[in-house]
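With mmCIF, C-alpha atoms inside, this is query-v2.cif:
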data_final
loop_
_atom_site.label_atom_id
_atom_site.label_comp_id
_atom_site.auth_asym_id
_atom_site.auth_seq_id
_atom_site.Cartn_x
_atom_site.Cartn_y
_atom_site.Cartn_z
CA MET A 1 -24.36 -9.17 2.54
CA MET A 2 -23.47 -11.15 5.65
CA SER A 3 -19.84 -11.93 6.19
CA ASN A 4 -18.97 -15.58 5.87
CA GLN A 5 -15.63 -15.07 7.55
CA GLN A 6 -14.62 -17.81 9.97
CA PHE A 7 -11.86 -16.19 11.99
CA ASN A 8 -10.57 -12.86 13.25
CA ILE A 9 -7.18 -11.23 12.70
CA ILE A 10 -5.11 -8.82 14.77
CA ILE A 11 -2.06 -7.19 13.16
CA THR A 12 0.30 -5.78 15.80
CA SER A 13 3.58 -3.91 15.44
CA HIS A 14 5.92 -1.23 16.62
CA ASP A 15 4.46 2.18 15.69
CA GLU A 16 2.13 2.35 12.68
CA LEU A 17 3.54 -0.55 10.66
CA CYS A 18 0.43 -2.62 11.44
CA GLU A 19 -1.80 0.05 9.89
CA GLY A 20 0.53 0.18 6.91
CA TYR A 21 0.03 -3.55 6.26
CA LEU A 22 -3.75 -3.19 6.52
CA LYS A 23 -3.96 -0.12 4.27
CA ALA A 24 -1.68 -1.64 1.61
CA ALA A 25 -3.77 -4.85 1.63
CA GLN A 26 -7.03 -2.91 1.39
CA LEU A 27 -5.64 -0.99 -1.58
CA ILE A 28 -4.44 -4.12 -3.38
CA LEU A 29 -7.38 -6.40 -2.63
CA GLY A 30 -10.14 -3.78 -2.72
CA ILE A 31 -11.85 -5.23 0.36
CA ASP A 32 -12.69 -3.50 3.63
CA CYS A 33 -11.12 -6.07 5.98
CA ALA A 34 -13.75 -5.36 8.63
CA GLU A 35 -12.70 -8.42 10.65
CA VAL A 36 -9.12 -7.19 10.99
CA SER A 37 -7.92 -5.15 13.98
CA VAL A 38 -4.63 -3.34 14.33
CA LEU A 39 -2.70 -2.68 17.54
CA SER A 40 0.27 -0.33 17.58
CA PHE A 41 3.02 -0.37 20.22
CA ALA A 42 3.64 3.34 20.07
CA ALA A 43 6.63 5.39 21.22
CA ASN A 44 6.39 6.17 24.93
CA MET A 45 3.77 3.48 25.54
CA ALA A 46 4.45 1.41 28.65
CA THR A 47 4.67 -2.34 28.03
CA ASP A 48 2.00 -2.95 30.69
CA ASP A 49 -0.38 -0.57 28.93
CA PHE A 50 0.25 -2.31 25.64
CA GLU A 51 -0.40 -5.70 27.25
CA GLU A 52 -3.72 -4.44 28.65
CA LYS A 53 -4.78 -3.18 25.22
CA MET A 54 -3.77 -6.50 23.66
CA ARG A 55 -5.67 -8.46 26.32
CA ALA A 56 -8.83 -6.43 25.75
CA LEU A 57 -8.55 -6.81 21.98
CA VAL A 58 -7.91 -10.57 22.19
CA GLU A 59 -10.93 -10.99 24.47
CA GLN A 60 -13.12 -9.05 22.03
CA ASN A 61 -11.98 -11.34 19.24
CA LEU A 62 -12.23 -14.75 20.91
CA SER A 63 -15.78 -15.38 19.70
CA ARG A 64 -14.03 -17.05 16.77
CA PRO A 65 -10.54 -18.47 16.18
CA LEU A 66 -7.97 -15.69 16.17
CA LEU A 67 -4.79 -15.19 14.16
CA ILE A 68 -2.32 -12.59 15.47
CA LEU A 69 0.24 -11.31 12.95
CA CYS A 70 3.34 -9.66 14.49
CA ASP A 71 6.09 -7.54 13.00
CA LEU A 72 9.16 -8.99 14.71
CA LEU A 73 10.10 -12.14 16.61
CA GLY A 74 11.44 -11.03 20.00
CA GLY A 75 9.83 -7.61 19.82
CA THR A 76 7.30 -6.46 22.41
CA PRO A 77 4.21 -6.96 20.19
CA ALA A 78 5.18 -10.58 19.42
CA ASN A 79 6.27 -11.31 22.99
CA ILE A 80 2.96 -10.09 24.39
CA ALA A 81 0.93 -11.87 21.69
CA ALA A 82 2.71 -15.12 22.54
CA LYS A 83 1.28 -14.95 26.07
CA PHE A 84 -2.18 -15.63 24.64
CA VAL A 85 -1.21 -18.85 22.85
CA LEU A 86 -0.94 -21.14 25.84
CA GLY A 87 -4.36 -21.95 27.22
CA ASN A 88 -6.05 -20.68 24.05
CA ASP A 89 -6.15 -23.44 21.44
CA GLN A 90 -7.96 -21.04 19.12
CA VAL A 91 -5.14 -18.47 19.01
CA GLU A 92 -2.34 -18.67 16.42
CA VAL A 93 0.59 -16.23 16.26
CA LEU A 94 2.97 -15.57 13.35
CA ALA A 95 5.92 -13.14 13.45
CA GLY A 96 8.25 -11.46 10.98
CA ILE A 97 5.39 -11.01 8.53
CA ASN A 98 5.67 -9.44 5.11
CA LEU A 99 2.97 -8.07 2.80
CA PRO A 100 2.68 -11.27 0.69
CA LEU A 101 1.83 -13.19 3.87
CA VAL A 102 -0.77 -10.62 4.93
CA LEU A 103 -2.37 -10.76 1.48
CA GLU A 104 -2.54 -14.57 1.46
CA ILE A 105 -4.16 -14.65 4.91
CA LEU A 106 -6.69 -11.94 4.05
CA VAL A 107 -7.68 -13.71 0.83
CA GLN A 108 -8.29 -16.91 2.80
CA GLN A 109 -10.29 -15.02 5.43
CA GLU A 110 -12.38 -13.30 2.76
CA ALA A 111 -13.02 -16.67 1.07
CA GLY A 112 -14.54 -18.02 4.27
CA THR A 113 -11.80 -20.56 4.98
CA ALA A 114 -11.61 -21.78 8.58
CA LEU A 115 -8.38 -20.93 10.40
CA ALA A 116 -7.85 -24.62 11.18
CA ASP A 117 -8.01 -25.37 7.44
CA ILE A 118 -5.23 -22.94 6.57
CA ALA A 119 -1.81 -24.63 6.52
CA LEU A 120 0.04 -21.84 8.30
CA ASP A 121 3.40 -23.49 7.80
CA ASP A 122 2.75 -23.46 4.04
CA VAL A 123 1.77 -19.79 4.28
CA ILE A 124 5.13 -19.16 5.96
CA VAL A 125 6.96 -21.03 3.18
CA ASN A 126 5.12 -19.01 0.53
CA ALA A 127 5.98 -15.77 2.33
CA LYS A 128 9.66 -16.78 2.47
CA ASN A 129 9.63 -17.59 -1.24
CA SER A 130 8.26 -14.13 -2.00
CA LEU A 131 11.24 -12.47 -0.31
CA VAL A 132 13.60 -11.99 -3.24
CA ASN A 133 16.64 -10.14 -4.53
CA ILE A 134 15.24 -8.71 -7.76
CA SER A 135 18.49 -7.10 -8.90
CA SER A 136 20.39 -10.37 -8.49
CA LEU A 137 17.72 -12.22 -10.48
CA MET A 138 17.78 -9.58 -13.23
CA ARG A 139 21.58 -9.70 -13.46
CA GLY A 140 21.51 -13.47 -13.86
CA GLY A 141 22.53 -14.47 -10.35
CA ILE A 142 21.21 -17.71 -8.92
CA MET B 1 28.65 14.74 13.50
CA MET B 2 29.13 13.91 9.86
CA SER B 3 27.39 10.84 8.57
CA ASN B 4 29.69 7.99 7.62
CA GLN B 5 26.97 6.25 5.68
CA GLN B 6 28.06 4.73 2.39
CA PHE B 7 24.77 4.18 0.57
CA ASN B 8 21.21 5.46 0.30
CA ILE B 9 17.94 3.60 0.80
CA ILE B 10 14.47 4.04 -0.69
CA ILE B 11 11.59 2.08 0.86
CA THR B 12 8.61 1.91 -1.52
CA SER B 13 5.18 0.33 -1.10
CA HIS B 14 1.48 0.42 -1.70
CA ASP B 15 -0.05 3.12 0.51
CA GLU B 16 1.75 4.02 3.75
CA LEU B 17 3.41 0.68 4.46
CA CYS B 18 6.80 2.16 3.56
CA GLU B 19 6.40 4.85 6.22
CA GLY B 20 5.34 2.16 8.67
CA TYR B 21 8.59 0.26 8.14
CA LEU B 22 10.63 3.43 8.62
CA LYS B 23 8.77 4.57 11.75
CA ALA B 24 8.94 1.13 13.35
CA ALA B 25 12.68 0.93 12.64
CA GLN B 26 13.28 4.43 14.01
CA LEU B 27 11.42 3.48 17.20
CA ILE B 28 13.36 0.23 17.67
CA LEU B 29 16.83 1.46 16.69
CA GLY B 30 16.56 4.98 18.07
CA ILE B 31 18.22 6.50 15.01
CA ASP B 32 16.90 9.16 12.67
CA CYS B 33 17.54 7.30 9.38
CA ALA B 34 18.21 10.56 7.55
CA GLU B 35 19.57 8.72 4.51
CA VAL B 36 16.33 6.77 4.02
CA SER B 37 13.55 7.98 1.70
CA VAL B 38 10.04 6.56 1.43
CA LEU B 39 7.82 6.51 -1.65
CA SER B 40 4.17 5.54 -1.40
CA PHE B 41 2.08 4.27 -4.32
CA ALA B 42 -1.15 5.83 -3.07
CA ALA B 43 -4.74 5.04 -3.96
CA ASN B 44 -5.80 6.87 -7.13
CA MET B 45 -2.20 7.57 -8.15
CA ALA B 46 -1.53 6.91 -11.83
CA THR B 47 1.29 4.47 -12.51
CA ASP B 48 3.01 7.03 -14.75
CA ASP B 49 2.95 9.61 -11.97
CA PHE B 50 4.41 7.07 -9.56
CA GLU B 51 7.16 6.22 -12.04
CA GLU B 52 8.04 9.91 -12.43
CA LYS B 53 8.27 10.30 -8.64
CA MET B 54 10.45 7.18 -8.43
CA ARG B 55 12.71 8.41 -11.24
CA ALA B 56 13.21 11.77 -9.55
CA LEU B 57 13.93 10.12 -6.20
CA VAL B 58 16.38 7.62 -7.72
CA GLU B 59 18.22 10.44 -9.50
CA GLN B 60 18.48 12.40 -6.24
CA ASN B 61 19.96 9.34 -4.57
CA LEU B 62 22.48 8.19 -7.20
CA SER B 63 25.38 10.14 -5.71
CA ARG B 64 26.02 6.93 -3.77
CA PRO B 65 25.03 3.27 -4.27
CA LEU B 66 21.29 2.84 -3.75
CA LEU B 67 19.24 0.03 -2.23
CA ILE B 68 15.50 0.02 -3.01
CA LEU B 69 13.32 -2.04 -0.65
CA CYS B 70 9.87 -2.99 -2.04
CA ASP B 71 6.77 -4.41 -0.39
CA LEU B 72 5.71 -6.99 -2.96
CA LEU B 73 7.23 -8.84 -5.91
CA GLY B 74 5.00 -8.17 -8.92
CA GLY B 75 3.42 -5.09 -7.38
CA THR B 76 3.71 -1.68 -9.01
CA PRO B 77 6.38 -0.29 -6.61
CA ALA B 78 8.66 -3.31 -7.22
CA ASN B 79 7.96 -3.39 -10.96
CA ILE B 80 8.88 0.27 -11.33
CA ALA B 81 11.93 -0.04 -9.08
CA ALA B 82 13.18 -2.94 -11.22
CA LYS B 83 13.37 -0.60 -14.22
CA PHE B 84 16.26 1.21 -12.56
CA VAL B 85 18.42 -1.91 -12.08
CA LEU B 86 19.52 -2.40 -15.67
CA GLY B 87 22.05 0.20 -16.67
CA ASN B 88 22.64 1.17 -13.04
CA ASP B 89 25.23 -1.12 -11.48
CA GLN B 90 24.91 0.83 -8.24
CA VAL B 91 21.19 0.06 -7.75
CA GLU B 92 20.02 -3.03 -5.86
CA VAL B 93 16.34 -3.96 -5.38
CA LEU B 94 14.82 -6.36 -2.83
CA ALA B 95 11.10 -7.24 -2.61
CA GLY B 96 8.76 -8.90 -0.12
CA ILE B 97 10.59 -7.25 2.76
CA ASN B 98 9.75 -7.69 6.42
CA LEU B 99 10.77 -5.61 9.44
CA PRO B 100 13.73 -7.87 10.40
CA LEU B 101 15.23 -7.25 6.95
CA VAL B 102 14.71 -3.49 7.22
CA LEU B 103 16.38 -3.47 10.64
CA GLU B 104 19.39 -5.47 9.44
CA ILE B 105 19.90 -3.15 6.47
CA LEU B 106 19.56 0.02 8.55
CA VAL B 107 22.04 -1.26 11.13
CA GLN B 108 24.56 -1.93 8.36
CA GLN B 109 23.93 1.51 6.84
CA GLU B 110 24.35 3.19 10.22
CA ALA B 111 27.60 1.26 10.80
CA GLY B 112 29.06 2.72 7.61
CA THR B 113 29.20 -0.56 5.69
CA ALA B 114 29.43 -0.21 1.91
CA LEU B 115 26.46 -1.63 -0.02
CA ALA B 116 28.84 -3.83 -2.04
CA ASP B 117 30.12 -5.33 1.23
CA ILE B 118 26.65 -6.41 2.40
CA ALA B 119 25.83 -9.97 1.33
CA LEU B 120 22.25 -9.25 0.29
CA ASP B 121 21.50 -12.91 -0.31
CA ASP B 122 22.48 -13.61 3.31
CA VAL B 123 20.25 -10.74 4.43
CA ILE B 124 17.39 -12.42 2.53
CA VAL B 125 18.13 -15.76 4.22
CA ASN B 126 18.15 -14.10 7.65
CA ALA B 127 14.84 -12.36 6.88
CA LYS B 128 13.31 -15.69 5.84
CA ASN B 129 14.53 -17.34 9.04
CA SER B 130 12.87 -14.62 11.10
CA LEU B 131 9.46 -15.41 9.57
CA VAL B 132 8.11 -17.89 12.10
CA ASN B 133 4.99 -19.62 13.42
CA ILE B 134 5.29 -18.79 17.11
CA SER B 135 2.21 -20.76 18.17
CA SER B 136 3.45 -23.89 16.43
CA LEU B 137 6.85 -23.53 18.11
CA MET B 138 5.24 -23.01 21.51
CA ARG B 139 3.03 -26.07 21.09
CA GLY B 140 6.01 -28.23 20.21
CA GLY B 141 5.61 -28.42 16.44
CA ILE B 142 8.67 -28.71 14.31
#
Please render this file's structure as structure tokens.
Amino acid sequence: MMSNQQFNIIITSHDELCEGYLKAAQLILGIDCAEVSVLSFAANMATDDFEEKMRALVEQNLSRPLLILCDLLGGTPANIAAKFVLGNDQVEVLAGINLPLVLEILVQQEAGTALADIALDDVIVNAKNSLVNISSLMRGGI
Amino acid sequence: MMSNQQFNIIITSHDELCEGYLKAAQLILGIDCAEVSVLSFAANMATDDFEEKMRALVEQNLSRPLLILCDLLGGTPANIAAKFVLGNDQVEVLAGINLPLVLEILVQQEAGTALADIALDDVIVNAKNSLVNISSLMRGGI
């Protein structure tokens, strides 16, 4: 079956966190996520080397709109990803991601939604709302 | 050097995401996080087996207050973790975590702060504020 997916995704992080997001999503959703790449900023990797890897991966993925999901605002993966926003109208970058956000994006990708038709600011709001203090809720806190 | 840490942490998730959070945090903070355990709900693992592993790990960790960090509200790791809140005043559970939240908690643990002295609802607010649309910010969106 041909993929009807309309955009590509790169998940990038310190160490193997990016792979962790992808594997957890694959387990939950039961899909192969073939249009998702991961890029790890590993211990002992020079920032320049990481930037070169990111540049090569972005260029491979620019045949379609590209969404880059980053672990941490201000961290090296997000800082490097941000360099590809200006001059590339088709590149979007989110940071500080959690698993609910990754799942929502992957479901939209799998459904064949265009990146431009996804309200990313709403996705961010949903992800924030899914960040909760369960023990406080269970004990009757507000 | 003796640890001055006042509480224990379990990070739990689908697949290896929990290890990803820990490894990324170790890389960024440069600390060994010896008082942090991870528990993965792996593919093909029965829910009952996972619950038994969680119960054993919680019991090992109840010598001090315990904070359980979960990948996803409504997912099996969070649902099982929630079972240990009632009847255990010393257990707190957060879900939908992102890396900024993990870092903030680990810094507090390393500093020797007591779990009861950490305003977890403020930690949640900070984590939400660190979930951002970088491309929208760079292009001048609000």
Which residues of chain B sit at most 9 Å from chain A, using only C-alpha atoms? Give each one's shortest atom pair and distance in Å (one decimal place), in chain and ascending residue order, as CSV.
residue,atom,partner,partner_atom,distance
B:Ser13,CA,A:Ala24,CA,7.6
B:His14,CA,A:Ala24,CA,5.0
B:Asp15,CA,A:Ala24,CA,5.2
B:Glu16,CA,A:Gly20,CA,5.1
B:Leu17,CA,A:Gly20,CA,3.8
B:Cys18,CA,A:Gly20,CA,7.4
B:Glu19,CA,A:Gly20,CA,7.5
B:Gly20,CA,A:Leu17,CA,3.8
B:Tyr21,CA,A:Leu17,CA,5.7
B:Leu22,CA,A:Leu17,CA,8.4
B:Lys23,CA,A:Asp15,CA,6.3
B:Ala24,CA,A:His14,CA,5.0
B:Ala25,CA,A:His14,CA,8.1
B:Leu27,CA,A:Ala43,CA,6.5
B:Ile28,CA,A:His14,CA,7.7
B:Ala42,CA,A:Leu27,CA,8.3
B:Ala43,CA,A:Leu27,CA,6.5
B:Asp71,CA,A:Leu99,CA,6.2
B:Leu72,CA,A:Pro100,CA,6.4
B:Leu73,CA,A:Ser130,CA,6.7
B:Gly75,CA,A:Ile28,CA,8.9
B:Ala78,CA,A:Ile134,CA,8.5
B:Ala82,CA,A:Ile134,CA,7.0
B:Val85,CA,A:Ser135,CA,6.1
B:Leu86,CA,A:Met138,CA,7.8
B:Val91,CA,A:Ser135,CA,7.7
B:Glu92,CA,A:Ser135,CA,5.3
B:Val93,CA,A:Ser135,CA,5.2
B:Leu94,CA,A:Asn133,CA,4.5
B:Ala95,CA,A:Val132,CA,5.4
B:Gly96,CA,A:Leu131,CA,4.4
B:Ile97,CA,A:Asn98,CA,5.9
B:Asn98,CA,A:Asn98,CA,4.6
B:Leu99,CA,A:Asp71,CA,6.2
B:Pro100,CA,A:Leu72,CA,6.4
B:Leu120,CA,A:Asn133,CA,7.4
B:Asp121,CA,A:Asn133,CA,7.0
B:Ile124,CA,A:Leu131,CA,6.8
B:Val125,CA,A:Lys128,CA,8.7
B:Ala127,CA,A:Gly96,CA,7.8
B:Lys128,CA,A:Lys128,CA,5.1
B:Asn129,CA,A:Lys128,CA,8.2
B:Ser130,CA,A:Gly96,CA,5.6
B:Leu131,CA,A:Gly96,CA,4.4
B:Val132,CA,A:Ala95,CA,5.4
B:Asn133,CA,A:Leu94,CA,4.5
B:Ile134,CA,A:Val93,CA,5.4
B:Ser135,CA,A:Val93,CA,5.2
B:Ser136,CA,A:Glu92,CA,7.8
B:Met138,CA,A:Leu86,CA,7.8
B:Arg139,CA,A:Leu86,CA,7.9
Output, as a CSV table (one decimal) with C-alpha atoms, keeping the file's coordinate frame, the coordinates of chain A following least-squares superposition onto chain B across all in-order C-alpha pairs.
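This is the output file selection-v4.csv:
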chain,number,residue,atom,x,y,z
A,1,MET,CA,28.7,14.6,13.7
A,2,MET,CA,29.2,13.8,10.0
A,3,SER,CA,27.4,10.8,8.7
A,4,ASN,CA,29.7,8.0,7.6
A,5,GLN,CA,27.0,6.3,5.7
A,6,GLN,CA,28.0,4.8,2.4
A,7,PHE,CA,24.8,4.2,0.6
A,8,ASN,CA,21.2,5.5,0.3
A,9,ILE,CA,17.9,3.6,0.8
A,10,ILE,CA,14.5,4.0,-0.7
A,11,ILE,CA,11.6,2.1,0.9
A,12,THR,CA,8.6,1.9,-1.5
A,13,SER,CA,5.2,0.3,-1.1
A,14,HIS,CA,1.5,0.4,-1.7
A,15,ASP,CA,-0.1,3.1,0.5
A,16,GLU,CA,1.7,4.0,3.7
A,17,LEU,CA,3.4,0.7,4.5
A,18,CYS,CA,6.8,2.2,3.6
A,19,GLU,CA,6.4,4.8,6.2
A,20,GLY,CA,5.3,2.2,8.7
A,21,TYR,CA,8.6,0.3,8.1
A,22,LEU,CA,10.6,3.4,8.6
A,23,LYS,CA,8.8,4.6,11.7
A,24,ALA,CA,8.9,1.1,13.4
A,25,ALA,CA,12.7,0.9,12.6
A,26,GLN,CA,13.3,4.4,14.0
A,27,LEU,CA,11.4,3.5,17.2
A,28,ILE,CA,13.4,0.2,17.7
A,29,LEU,CA,16.8,1.5,16.7
A,30,GLY,CA,16.5,5.0,18.1
A,31,ILE,CA,18.2,6.5,15.0
A,32,ASP,CA,16.9,9.2,12.6
A,33,CYS,CA,17.5,7.3,9.4
A,34,ALA,CA,18.2,10.6,7.5
A,35,GLU,CA,19.6,8.7,4.5
A,36,VAL,CA,16.3,6.8,4.0
A,37,SER,CA,13.5,8.0,1.7
A,38,VAL,CA,10.0,6.6,1.4
A,39,LEU,CA,7.8,6.5,-1.7
A,40,SER,CA,4.2,5.5,-1.4
A,41,PHE,CA,2.1,4.3,-4.3
A,42,ALA,CA,-1.1,5.8,-3.1
A,43,ALA,CA,-4.8,5.0,-4.0
A,44,ASN,CA,-5.8,6.9,-7.1
A,45,MET,CA,-2.2,7.6,-8.1
A,46,ALA,CA,-1.5,6.9,-11.8
A,47,THR,CA,1.3,4.5,-12.5
A,48,ASP,CA,3.0,7.0,-14.8
A,49,ASP,CA,2.9,9.6,-12.0
A,50,PHE,CA,4.4,7.1,-9.6
A,51,GLU,CA,7.1,6.2,-12.1
A,52,GLU,CA,8.0,9.9,-12.4
A,53,LYS,CA,8.3,10.3,-8.6
A,54,MET,CA,10.4,7.2,-8.4
A,55,ARG,CA,12.7,8.4,-11.2
A,56,ALA,CA,13.2,11.8,-9.6
A,57,LEU,CA,13.9,10.1,-6.2
A,58,VAL,CA,16.4,7.6,-7.7
A,59,GLU,CA,18.2,10.4,-9.5
A,60,GLN,CA,18.5,12.4,-6.3
A,61,ASN,CA,20.0,9.3,-4.6
A,62,LEU,CA,22.5,8.2,-7.2
A,63,SER,CA,25.4,10.1,-5.7
A,64,ARG,CA,26.0,6.9,-3.8
A,65,PRO,CA,25.0,3.3,-4.3
A,66,LEU,CA,21.3,2.9,-3.8
A,67,LEU,CA,19.2,0.0,-2.2
A,68,ILE,CA,15.5,0.0,-3.0
A,69,LEU,CA,13.3,-2.0,-0.7
A,70,CYS,CA,9.9,-3.0,-2.0
A,71,ASP,CA,6.8,-4.4,-0.4
A,72,LEU,CA,5.7,-7.0,-3.0
A,73,LEU,CA,7.2,-8.9,-5.9
A,74,GLY,CA,5.0,-8.2,-8.9
A,75,GLY,CA,3.4,-5.1,-7.4
A,76,THR,CA,3.7,-1.7,-9.0
A,77,PRO,CA,6.4,-0.3,-6.6
A,78,ALA,CA,8.7,-3.3,-7.2
A,79,ASN,CA,8.0,-3.4,-11.0
A,80,ILE,CA,8.9,0.3,-11.4
A,81,ALA,CA,11.9,0.0,-9.1
A,82,ALA,CA,13.2,-2.9,-11.2
A,83,LYS,CA,13.4,-0.6,-14.2
A,84,PHE,CA,16.3,1.2,-12.6
A,85,VAL,CA,18.4,-1.9,-12.1
A,86,LEU,CA,19.5,-2.4,-15.7
A,87,GLY,CA,22.1,0.2,-16.7
A,88,ASN,CA,22.6,1.2,-13.0
A,89,ASP,CA,25.2,-1.1,-11.5
A,90,GLN,CA,24.9,0.8,-8.3
A,91,VAL,CA,21.2,0.1,-7.8
A,92,GLU,CA,20.0,-3.0,-5.9
A,93,VAL,CA,16.3,-4.0,-5.4
A,94,LEU,CA,14.8,-6.4,-2.8
A,95,ALA,CA,11.1,-7.2,-2.6
A,96,GLY,CA,8.8,-8.9,-0.1
A,97,ILE,CA,10.6,-7.2,2.7
A,98,ASN,CA,9.8,-7.7,6.4
A,99,LEU,CA,10.8,-5.6,9.4
A,100,PRO,CA,13.7,-7.9,10.4
A,101,LEU,CA,15.2,-7.2,6.9
A,102,VAL,CA,14.7,-3.5,7.2
A,103,LEU,CA,16.4,-3.5,10.6
A,104,GLU,CA,19.4,-5.5,9.4
A,105,ILE,CA,19.9,-3.1,6.5
A,106,LEU,CA,19.6,0.0,8.5
A,107,VAL,CA,22.0,-1.2,11.1
A,108,GLN,CA,24.6,-1.9,8.4
A,109,GLN,CA,23.9,1.5,6.8
A,110,GLU,CA,24.4,3.2,10.2
A,111,ALA,CA,27.6,1.3,10.8
A,112,GLY,CA,29.1,2.7,7.6
A,113,THR,CA,29.2,-0.6,5.7
A,114,ALA,CA,29.4,-0.2,1.9
A,115,LEU,CA,26.5,-1.6,0.0
A,116,ALA,CA,28.8,-3.8,-2.0
A,117,ASP,CA,30.1,-5.3,1.2
A,118,ILE,CA,26.7,-6.4,2.4
A,119,ALA,CA,25.8,-10.0,1.3
A,120,LEU,CA,22.3,-9.2,0.3
A,121,ASP,CA,21.5,-12.9,-0.3
A,122,ASP,CA,22.5,-13.6,3.3
A,123,VAL,CA,20.2,-10.7,4.4
A,124,ILE,CA,17.4,-12.4,2.5
A,125,VAL,CA,18.1,-15.8,4.2
A,126,ASN,CA,18.2,-14.1,7.6
A,127,ALA,CA,14.9,-12.4,6.9
A,128,LYS,CA,13.3,-15.7,5.8
A,129,ASN,CA,14.5,-17.3,9.0
A,130,SER,CA,12.9,-14.6,11.1
A,131,LEU,CA,9.5,-15.4,9.6
A,132,VAL,CA,8.1,-17.9,12.1
A,133,ASN,CA,5.0,-19.6,13.4
A,134,ILE,CA,5.3,-18.8,17.1
A,135,SER,CA,2.2,-20.8,18.2
A,136,SER,CA,3.5,-23.9,16.4
A,137,LEU,CA,6.9,-23.5,18.1
A,138,MET,CA,5.3,-23.0,21.5
A,139,ARG,CA,3.0,-26.0,21.1
A,140,GLY,CA,6.0,-28.2,20.2
A,141,GLY,CA,5.6,-28.4,16.5
A,142,ILE,CA,8.6,-28.7,14.3
**Message:** Would you compute the distance between atom CA of A:Lys53 and atom CA of A:Ile9? Give it in Å to one decimal.
**Reply:** 15.1 Å
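Selection check: the PyMOL selection byres ((chain A and resi 63) around 12) on the shown file gives Gln6, Phe7, Asn8, Ile9, Glu35, Leu57, Val58, Glu59, Gln60, Asn61, Leu62, Arg64, Pro65, Leu66, Asn88, Gln90 and Val91 of chain A.
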**Request:** Write out as number ranges by chain which residues come within 8 Å of B:Asn4 when counting all atoms listed in the file, dropping same-chain ones fewer than 6 positions away.
**Result:** B: 110-112
**Asked** For the atom pair atom CA of A:Val36 and atom CA of A:Arg55, what is the interatomic distance in Å to one decimal place?
**Response** 15.8 Å
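A straight line drawn from atom CA of A:Glu104 to atom CA of A:Ser37 is 16.6 Å long.
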So which residues get picked by the PyMOL selection byres ((chain B and resi 50) around 9) here, written as a compact mmCIF listing (two decimals) with C-alpha atoms, in the coordinates of the input?
# COMPACT_ATOMS: atom_id res chain seq x y z
CA LEU B 39 7.82 6.51 -1.65
CA SER B 40 4.17 5.54 -1.40
CA PHE B 41 2.08 4.27 -4.32
CA ALA B 42 -1.15 5.83 -3.07
CA MET B 45 -2.20 7.57 -8.15
CA ALA B 46 -1.53 6.91 -11.83
CA THR B 47 1.29 4.47 -12.51
CA ASP B 48 3.01 7.03 -14.75
CA ASP B 49 2.95 9.61 -11.97
CA GLU B 51 7.16 6.22 -12.04
CA GLU B 52 8.04 9.91 -12.43
CA LYS B 53 8.27 10.30 -8.64
CA MET B 54 10.45 7.18 -8.43
CA ARG B 55 12.71 8.41 -11.24
CA THR B 76 3.71 -1.68 -9.01
CA PRO B 77 6.38 -0.29 -6.61
CA ILE B 80 8.88 0.27 -11.33
Is it possible to get the axis-aligned box enclosing stretch 16-19 of chain A (all listed atoms, 5 Å extra per side) as lines of an AutoDock Vina configuration file, with centre and edge lengths in Å rounded to one decimal?
center_x = 0.9
center_y = -0.1
center_z = 11.3
size_x = 15.3
size_y = 15.0
size_z = 12.8
**Request:** Go through B:Gly87, B:Gln109, B:Asn126, B:Ile118 and flag the residue nearest B:Ala34, using all atoms listed in the file for the distances.
**Result:**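 That would be B:Gln109, the residue with the smallest distance to B:Ala34.
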